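Asker: A single structure is presented below for examination.
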Amino acid sequence: MTNTYDLTDLLRGAAERAEPVVRGVKESDLGSATPCSEYDVRDLLNHLFHVVISFQALAAKGTADFSTTPDHLWDEAWRERFGRETGLLVTAWSQPGTLEGTSQGMGLPQRTVGEMVLGDLTLHAWDLACATGQDFVPYEPSLPVLREGLAALAPTGRKMNVFAEPVPVGADAPAFDKLLALTGRDPAWRAPAAQ
């Protein structure tokens, strides 16, 4: 499977699925809980923005600082800005030679780093959709790539508290539900009812 896919196509597809979810977030949603217990919607949006921008630098074999997360929701145009940033992300990862060698910023193969941002775009779009009552359908061609890549990264992710323990799902569960469960997400998660 590895190396037999076009990462640019997968990132473009993931961005096209994530952007409407981000545009659909209302100001009244920003304090709502998400499937990522450490983040409310505002925090998760800022995290996703930070990932999308930082991985543009990582595509060019640069470095990125994940020790702090800036506020990217500082004006009313953040939804449109997210669309521009995902476009820049796709462009950055489509450049010749981007997938070759090792990431200076992550110490991992560049292709693995590209798969990581594909995962973040896909999984966090689902997180945001669940938290804000929106529908989300992942970009289907990315699922086998994400399954393979996240299965390889999951043990390290759990040690670093990036992933929770896997959630049990049935053998006949949809492929995306299995992917969510692998990362410690409950596919049946729903936003708590308003008090």
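Residue numbering restarts at 1 for every chain of the structure tokens, chains are lettered A, B, ... in their displayed order, and ligands are numbered from 1 as they appear.
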Would you mind listing, for every residue of segment 109-152 of chain A within 12 Å of segment 28-33 of chain A, the two atoms forming the shortest contact and the distance between them in Å to one decimal, using only C-alpha atoms, sorted by chain and ascending residue number, as a tab-separated table?
Answerer:
residue	atom	partner	partner_atom	distance
A:Asp127	CA	A:Ala33	CA	9.7
A:Leu128	CA	A:Ala33	CA	9.4
A:Ala129	CA	A:Asp29	CA	10.7
A:Cys130	CA	A:Ala33	CA	9.5
A:Ala131	CA	A:Ala33	CA	6.2
A:Thr132	CA	A:Asp29	CA	6.2
A:Gly133	CA	A:Asp29	CA	9.5
A:Gln134	CA	A:Asp29	CA	11.3
Asker: Counting only C-alpha atoms, which residues of segment 133-187 of chain A sit at most 8 Å from some atom of segment 98-121 of chain A, and what is each one's closest atom pair with its distance in Å to one decimal, listed by chain and rising residue number, as a tab-separated table?
Answerer:
residue	atom	partner	partner_atom	distance
A:Val145	CA	A:Glu115	CA	7.7
A:Leu146	CA	A:Gly119	CA	6.3
A:Gly149	CA	A:Glu115	CA	6.8
A:Leu150	CA	A:Gly119	CA	7.8
Asker: From chain A, collect each residue whose DSSP state is helix (DSSP H, G or I) and return the set as a ChimeraX atom specification.
Answerer: /A:7-23,27-29,41-59,78-93,110-132,140-159,175-182
Asker: At a cut-off of 9 Å, can you tabulate as a tab-separated table every residue of segment 74-187 of chain A near segment 18-24 of chain A together with its closest atom pair and the distance in Å to one decimal, using only C-alpha atoms and ordering rows by chain then number?
Answerer:
residue	atom	partner	partner_atom	distance
A:Trp78	CA	A:Arg23	CA	8.9
A:Arg79	CA	A:Arg23	CA	5.3
A:Glu80	CA	A:Arg23	CA	7.6
A:Phe82	CA	A:Glu19	CA	7.2
A:Gly83	CA	A:Glu19	CA	6.0
A:Thr86	CA	A:Glu19	CA	8.1
A:Leu121	CA	A:Ala18	CA	6.5
A:Thr122	CA	A:Ala18	CA	6.9
A:His124	CA	A:Ala18	CA	8.2
A:Ala125	CA	A:Ala18	CA	5.0
A:Trp126	CA	A:Ala18	CA	8.1
A:Leu128	CA	A:Val21	CA	7.0
A:Ala129	CA	A:Val21	CA	6.0
A:Thr132	CA	A:Gly24	CA	8.1
A:Gln134	CA	A:Val21	CA	7.0
A:Asp135	CA	A:Val21	CA	8.0
A:Phe136	CA	A:Val21	CA	7.5
A:Pro138	CA	A:Ala18	CA	8.6
Asker: Here is a test: counting only C-alpha atoms, which residue of A:Leu179, A:Ala64, A:Leu73, A:Ala14 is nearest to Glu27 of chain A?
Answerer: A:Leu73
Asker: Counting only C-alpha atoms, what is within 12 Å of Pro166 of chain A, bar same-chain residues fewer than 2 positions away, as a ChimeraX atom specification?
Answerer: /A:150-151,154-155,157-158,163-164,168-169,177-187
Asker: By how many Å are atom CA of Gly87 of chain A and atom CA of His50 of chain A apart?
Answerer: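 It comes out at 14.3 Å.
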Asker: Give me the residues near Thr91 of chain A as a list in words, where near means some atom within 12 Å (using only C-alpha atoms) and where sequence neighbours in that chain fewer than 2 positions away do not count.
Answerer: Leu7, Thr8, Asp9, Leu11, Arg12, Ala15, Val52, Ile53, Phe55, Gln56, Ala57, Ala59, Ala60, Arg84, Glu85, Thr86, Gly87, Leu88, Leu89, Trp93, Ser94, Gln95, Pro96 and Thr98 of chain A
Asker: Keeping only N, CA, C and O atoms, write the selected residues as a compact mmCIF listing (two decimals), in the first residue's frame.
Answerer:
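As a result, result26.txt now contains:
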# COMPACT_ATOMS: atom_id res chain seq x y z
N LEU A 7 -0.33 11.49 -2.43
CA LEU A 7 -0.62 12.21 -1.18
C LEU A 7 -1.31 13.54 -1.47
O LEU A 7 -2.20 13.94 -0.71
N THR A 8 -0.93 14.21 -2.53
CA THR A 8 -1.57 15.49 -2.87
C THR A 8 -3.06 15.31 -3.06
O THR A 8 -3.87 16.09 -2.56
N ASP A 9 -3.44 14.26 -3.79
CA ASP A 9 -4.87 13.99 -4.01
C ASP A 9 -5.57 13.72 -2.70
O ASP A 9 -6.67 14.23 -2.45
N LEU A 11 -4.67 14.66 0.38
CA LEU A 11 -4.75 15.89 1.18
C LEU A 11 -5.81 16.84 0.64
O LEU A 11 -6.55 17.46 1.41
N ARG A 12 -5.88 16.94 -0.68
CA ARG A 12 -6.91 17.81 -1.28
C ARG A 12 -8.29 17.30 -0.92
O ARG A 12 -9.19 18.07 -0.54
N ALA A 15 -8.97 18.05 2.74
CA ALA A 15 -9.22 19.48 2.94
C ALA A 15 -10.62 19.85 2.47
O ALA A 15 -11.33 20.63 3.12
N VAL A 52 -2.15 22.72 10.43
CA VAL A 52 -2.18 23.01 8.99
C VAL A 52 -1.06 23.98 8.60
O VAL A 52 -0.37 23.78 7.59
N ILE A 53 -0.84 24.99 9.41
CA ILE A 53 0.22 25.97 9.11
C ILE A 53 1.60 25.36 9.35
O ILE A 53 2.51 25.50 8.52
N PHE A 55 2.57 22.25 9.29
CA PHE A 55 2.93 21.20 8.35
C PHE A 55 3.23 21.75 6.96
O PHE A 55 3.79 21.04 6.13
N GLN A 56 2.90 23.00 6.70
CA GLN A 56 3.39 23.65 5.47
C GLN A 56 4.91 23.77 5.55
O GLN A 56 5.63 23.50 4.59
N ALA A 57 5.42 24.20 6.73
CA ALA A 57 6.87 24.31 6.92
C ALA A 57 7.52 22.94 6.89
O ALA A 57 8.61 22.76 6.31
N ALA A 59 6.58 20.38 5.25
CA ALA A 59 6.62 19.89 3.87
C ALA A 59 7.91 20.34 3.18
O ALA A 59 8.48 19.61 2.37
N ALA A 60 8.38 21.53 3.53
CA ALA A 60 9.61 22.07 2.94
C ALA A 60 10.84 21.64 3.73
O ALA A 60 11.91 22.23 3.59
N ARG A 84 -7.88 29.06 3.01
CA ARG A 84 -6.64 29.46 2.34
C ARG A 84 -5.46 28.65 2.85
O ARG A 84 -4.60 28.21 2.08
N GLU A 85 -5.41 28.44 4.15
CA GLU A 85 -4.28 27.70 4.73
C GLU A 85 -4.27 26.24 4.29
O GLU A 85 -3.20 25.66 4.05
N THR A 86 -5.44 25.61 4.17
CA THR A 86 -5.45 24.23 3.69
C THR A 86 -5.02 24.18 2.23
O THR A 86 -4.34 23.22 1.81
N GLY A 87 -5.38 25.20 1.45
CA GLY A 87 -4.90 25.27 0.07
C GLY A 87 -3.38 25.36 0.01
O GLY A 87 -2.73 24.69 -0.80
N LEU A 88 -2.81 26.18 0.90
CA LEU A 88 -1.35 26.30 0.96
C LEU A 88 -0.71 24.99 1.42
O LEU A 88 0.38 24.62 0.96
N LEU A 89 -1.39 24.28 2.31
CA LEU A 89 -0.88 22.98 2.77
C LEU A 89 -0.80 22.00 1.61
O LEU A 89 0.23 21.33 1.42
N TRP A 93 2.72 20.30 -0.01
CA TRP A 93 3.03 18.87 -0.08
C TRP A 93 3.02 18.34 -1.51
O TRP A 93 3.36 17.17 -1.73
N SER A 94 2.68 19.17 -2.48
CA SER A 94 2.68 18.73 -3.88
C SER A 94 3.98 19.07 -4.60
O SER A 94 4.15 18.72 -5.77
N GLN A 95 4.90 19.74 -3.92
CA GLN A 95 6.14 20.16 -4.57
C GLN A 95 7.06 18.97 -4.82
O GLN A 95 7.09 18.02 -4.04
N PRO A 96 7.84 19.01 -5.91
CA PRO A 96 8.75 17.90 -6.21
C PRO A 96 9.73 17.66 -5.05
O PRO A 96 10.25 18.60 -4.47
N THR A 98 9.16 16.59 -2.09
CA THR A 98 8.64 16.79 -0.73
C THR A 98 8.59 15.50 0.07
O THR A 98 8.84 15.51 1.28
Asker: If we count only C-alpha atoms and set the cut-off at 9 Å, which residues sit around His47 of chain A, ignoring sequence neighbours fewer than 6 positions away in its own chain? Please answer as a PyMOL selection string.
Answerer: chain A and resi 39+69-72
Asker: Could the residues in this selection be written to a file with all heavy atoms, as an mmCIF file, in the first residue's frame?
Answerer:
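Saved the output as out_20.cif:
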data_model
loop_
_atom_site.group_PDB
_atom_site.id
_atom_site.type_symbol
_atom_site.label_atom_id
_atom_site.label_comp_id
_atom_site.auth_asym_id
_atom_site.auth_seq_id
_atom_site.Cartn_x
_atom_site.Cartn_y
_atom_site.Cartn_z
ATOM 1 N N TYR A 39 -9.773 19.320 24.580
ATOM 2 C CA TYR A 39 -10.080 20.477 23.742
ATOM 3 C C TYR A 39 -11.575 20.774 23.736
ATOM 4 O O TYR A 39 -12.385 19.859 23.579
ATOM 5 C CB TYR A 39 -9.693 20.215 22.278
ATOM 6 C CG TYR A 39 -8.233 20.060 21.989
ATOM 7 C CD1 TYR A 39 -7.789 19.007 21.199
ATOM 8 C CD2 TYR A 39 -7.288 20.969 22.444
ATOM 9 C CE1 TYR A 39 -6.443 18.856 20.882
ATOM 10 C CE2 TYR A 39 -5.950 20.829 22.140
ATOM 11 C CZ TYR A 39 -5.529 19.778 21.358
ATOM 12 O OH TYR A 39 -4.201 19.632 21.045
ATOM 13 N N THR A 69 0.279 26.962 21.213
ATOM 14 C CA THR A 69 -0.690 27.070 20.115
ATOM 15 C C THR A 69 -1.222 28.496 20.072
ATOM 16 O O THR A 69 -1.918 28.927 20.993
ATOM 17 C CB THR A 69 -1.863 26.096 20.314
ATOM 18 O OG1 THR A 69 -1.334 24.766 20.417
ATOM 19 C CG2 THR A 69 -2.834 26.173 19.152
ATOM 20 N N PRO A 70 -0.892 29.240 19.010
ATOM 21 C CA PRO A 70 -1.392 30.616 18.905
ATOM 22 C C PRO A 70 -2.905 30.661 18.712
ATOM 23 O O PRO A 70 -3.532 29.666 18.322
ATOM 24 C CB PRO A 70 -0.692 31.160 17.651
ATOM 25 C CG PRO A 70 0.399 30.185 17.338
ATOM 26 C CD PRO A 70 -0.024 28.875 17.900
ATOM 27 N N ASP A 71 -3.482 31.826 18.972
ATOM 28 C CA ASP A 71 -4.911 32.042 18.708
ATOM 29 C C ASP A 71 -5.074 32.407 17.240
ATOM 30 O O ASP A 71 -4.605 33.471 16.803
ATOM 31 C CB ASP A 71 -5.450 33.163 19.602
ATOM 32 C CG ASP A 71 -6.927 33.425 19.347
ATOM 33 O OD1 ASP A 71 -7.587 32.589 18.680
ATOM 34 O OD2 ASP A 71 -7.428 34.459 19.808
ATOM 35 N N HIS A 72 -5.705 31.531 16.496
ATOM 36 C CA HIS A 72 -5.935 31.778 15.072
ATOM 37 C C HIS A 72 -7.349 32.285 14.804
ATOM 38 O O HIS A 72 -7.709 32.533 13.662
ATOM 39 C CB HIS A 72 -5.686 30.495 14.270
ATOM 40 C CG HIS A 72 -4.265 30.050 14.298
ATOM 41 N ND1 HIS A 72 -3.282 30.623 13.520
ATOM 42 C CD2 HIS A 72 -3.645 29.106 15.041
ATOM 43 C CE1 HIS A 72 -2.132 30.041 13.759
ATOM 44 N NE2 HIS A 72 -2.324 29.110 14.681
#
